[in-house]
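**Q** Provided herewith is a single structure, encoded as structure tokens, for subsequent inquiry.
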Amino acid sequence: MKRVICLVMVFSIFVLTSCQQEEQKTITVLAAASLKEPLEEMKQLYEEANNVDIQLQFSSSGKLAKQMEQGAHADIFISADEKWMTHLEEVELIEKETVTPFLYNSLVLIQGNEATITYEDVQTLEDDSVEQIAIGHPETVPAGTYAQQFFEGVELWSDLQDKFVYTNDVRQALTYVETGNVDVGVVYKTDALISDDVEIIEEIDGTLHDEIVYPIGMTTTVENKEATEQFIHWLLDEEANEIKKAYGFEGI
């Protein structure tokens with residue numbers, strides 16, 4: 001009898017363990033490349049306290065949006081601008097009522113620590129000493145769009161065309177400056193802060209470009225809606241906001 005009871009208990013534990021494993025929810029998040037570090041920290045913290053597997057994918061907002069249009073699955077999309085979020089709303093891939101600001105950022109000009117350029121102001125970029133300037137491609141990279149607005153605002157966009165090196169996302173622009181492949185780059189302030197190989201030479205006036213707001217939204221193809229809603233709620237709460245601030249972002 002004792003042996004039977006033991007076998008029943010072992011079987012029950014096996015079934016319980018199996019059920020717990022089956023109940024784990026997976027949440028897929030497609031997010032702007034500039035969010036890599038804070039989101040990876042949030043992922044770890046949230047997974048430790050919840051029976052959830054969070055899958056993170058990073059790239060330029062435009063590239064991610066196009067991937068979703070081509071059938072890539074996501075439960076949550078976090079864009080580095082409102083344009084791509086609005087676009088996905090219009091093609092009915094984002095639940096419009098779930099969209100809300102996630103955080104805010106700012107734009108900076110950077111150069112490598114070993115750079116020999118004597119930077120005085122933005123007009124310095126016209127000097128022969130500055131040969132190449134890395135910015136995200138304005139058509140798909142929000143940081144590039146903001147950079148274009150800035151250069152247009154200071155009436156240098158046309159004059160600097162031959163110097164621009166367009167990158168696939170903002171992190172590639174950062175890498176180009178870090179490695180000395182270009183003289184100067186335009187990135188988010190948060191990107192510059194995580195690098196030991198670049199220095200900020202100018203914090204760009206926010207009135208010269210659109211407000212840098214990152215919206216977050218739930219997709220219309222969400223697979224685990226309740227778990228996804230809970231995660232979004234946590235991402236907008238104080239604990240997550242403290243992580244955003246630690247990386248230089250402005251919380252909501």
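Letters A, B, ... mark the chains of the structure tokens in the order given; residue numbers begin at 1 per chain; ligand numbers begin at 1, in order shown.
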Residues at most 10 Å from Ser34 in chain A, counting only C-alpha atoms, excluding those fewer than 3 positions away in the same chain, as a list in words?

**A**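 Returned residues: Ala31, Glu37, Pro38, Leu39, Phe58, Ser59, Ser60, Ser61, Ser79, Ala80, Asn105, Ala143, Asp169, Val170, Arg171, Val187, Tyr188, Lys189, Thr190 and Asp191 of chain A.
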
**Q** Pull the helix (DSSP H, G or I) assignments for range 37-88 of chain A out of DSSP run on the backbone, and list those residues as a PyMOL selection string.

**A** chain A and resi 37-49+61-69+82-88

**Q** Find, counting only C-alpha atoms, the residue in A:Thr98, A:Thr118, A:Ser195, A:Thr207 that gets nearest to Gln149 in chain A.

**A**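 When distances to Gln149 in chain A are compared using only C-alpha atoms, the smallest one comes from A:Thr207.
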
**Q** Could you make a table, as a tab-separated table, of the residues of range 29-52 of chain A that have an atom within 12 Å of an atom of range 219-225 of chain A, each with its nearest atom pair and distance in Å to one decimal, counting only C-alpha atoms, in chain and number order?

**A**
```
residue	atom	partner	partner_atom	distance
A:Val29	CA	A:Thr219	CA	9.9
A:Leu30	CA	A:Thr219	CA	10.4
A:Val52	CA	A:Asn224	CA	10.4
```

**Q** Find the residues near Asp196 in chain A: any atom within 10 Å, counting only C-alpha atoms, skip ones fewer than 2 places away on the same chain, and give them as a list in words.

**A**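 The filter keeps Gly112, Asn113, Glu178, Ala192, Leu193, Ile194, Val198 and Glu199 of chain A.
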
**Q** Would you write out those residues with N, CA, C and O atoms, as a compact mmCIF listing (two decimals), in the first residue's frame?

**A**
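Contents of result-v9.txt, freshly written:
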```txt
# COMPACT_ATOMS: atom_id res chain seq x y z
N GLY A 112 34.88 59.93 -31.49
CA GLY A 112 35.65 58.94 -30.78
C GLY A 112 36.64 59.57 -29.83
O GLY A 112 37.06 60.72 -30.00
N ASN A 113 37.02 58.82 -28.81
CA ASN A 113 37.97 59.34 -27.82
C ASN A 113 39.32 59.71 -28.43
O ASN A 113 40.03 60.57 -27.91
N GLU A 178 32.88 54.60 -32.65
CA GLU A 178 33.76 53.91 -31.69
C GLU A 178 35.02 53.36 -32.37
O GLU A 178 36.12 53.42 -31.81
N ALA A 192 25.32 57.02 -26.29
CA ALA A 192 26.62 57.58 -25.95
C ALA A 192 27.01 57.24 -24.52
O ALA A 192 28.18 56.98 -24.23
N LEU A 193 26.04 57.21 -23.63
CA LEU A 193 26.32 56.99 -22.21
C LEU A 193 26.80 55.57 -21.91
O LEU A 193 27.49 55.35 -20.91
N ILE A 194 26.45 54.61 -22.75
CA ILE A 194 26.85 53.23 -22.47
C ILE A 194 28.21 52.90 -23.08
O ILE A 194 28.73 51.80 -22.88
N VAL A 198 33.49 56.82 -26.82
CA VAL A 198 33.06 58.06 -27.48
C VAL A 198 32.85 59.15 -26.45
O VAL A 198 32.71 58.88 -25.25
N GLU A 199 32.82 60.39 -26.94
CA GLU A 199 32.50 61.51 -26.07
C GLU A 199 31.43 62.36 -26.74
O GLU A 199 31.37 62.46 -27.98
```

**Q** List every residue of range 1-226 of chain A that DSSP, applied to the backbone of this structure, places in strand (DSSP E), and write the result as a PyMOL selection string.

**A** chain A and resi 25-32+52-59+76-78+100-104+107-112+133-136+164-167+184-188+198-203+213-218

**Q** Go through A:Val130, A:Asp75, A:Phe150, A:Gln44 one by one, measure the shortest atom-to-atom distance of each to Glu226 in chain A using only C-alpha atoms, and give the residue with the smallest value.

**A**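 The answer is A:Asp75, which sits nearest to Glu226 in chain A.
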
**Q** Measuring between only C-alpha atoms, which one of A:Asp197, A:Glu126, A:Glu211, A:Glu203 shows the shortest distance to Leu156 in chain A?

**A**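 Nearest candidate to Leu156 in chain A out of A:Asp197, A:Glu126, A:Glu211, A:Glu203: A:Glu126.
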
**Q** Between A:Asn181, A:Met85, A:Ala134, A:Gln148, which residue has the minimum interatomic distance to Lys163 in chain A, considering only C-alpha atoms?

**A** A:Ala134

**Q** Could you give me, as a ChimeraX atom specification, the residues within 9 Å of Ile232 in chain A, counting only C-alpha atoms and dropping anything in the same chain fewer than 5 positions from it?

**A** /A:76,216-218,227,237

**Q** What lies within 8 Å of Asn51 in chain A using only C-alpha atoms, ignoring chain neighbours under 6 positions off, as an MDAnalysis selection string?

**A** chainID A and resid 23:25

**Q** Counting only C-alpha atoms, which of A:Tyr104, A:Leu235, A:His209, A:Ile78 gets nearest to Gly248 in chain A?

**A**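 The shortest atom-to-atom distance to Gly248 in chain A comes from A:Tyr104.
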
**Q** Identify which of the residues A:Leu103, A:Val186, A:Val108, A:Ile27 lies closest to Ile135 in chain A, counting only C-alpha atoms when measuring atom-to-atom distances.

**A**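 So, comparing all the options, the nearest one is A:Val186.
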
**Q** Just want the 12 Å neighbourhood of Asp127 in chain A, counted on only C-alpha atoms, with same-chain residues fewer than 2 positions away dropped. Output as a CSV table (one decimal) with C-alpha atoms, in the first residue's frame.

**A**
```
chain,number,residue,atom,x,y,z
A,117,ILE,CA,38.9,67.2,-34.5
A,118,THR,CA,38.6,70.5,-32.6
A,119,TYR,CA,34.9,70.8,-32.3
A,120,GLU,CA,33.5,74.3,-31.6
A,121,ASP,CA,29.9,74.2,-32.9
A,122,VAL,CA,27.9,72.5,-35.5
A,123,GLN,CA,29.5,74.7,-38.2
A,124,THR,CA,32.7,72.7,-37.5
A,125,LEU,CA,31.1,69.8,-39.4
A,129,SER,CA,38.8,67.9,-41.0
A,130,VAL,CA,35.4,66.2,-40.8
A,131,GLU,CA,35.2,63.7,-43.7
A,132,GLN,CA,32.3,61.4,-42.6
A,133,ILE,CA,29.3,61.7,-40.4
A,159,ASP,CA,25.8,71.1,-47.5
A,160,LEU,CA,26.8,67.9,-45.6
A,163,LYS,CA,29.7,63.4,-45.7
A,183,ASP,CA,34.7,61.2,-37.6
```
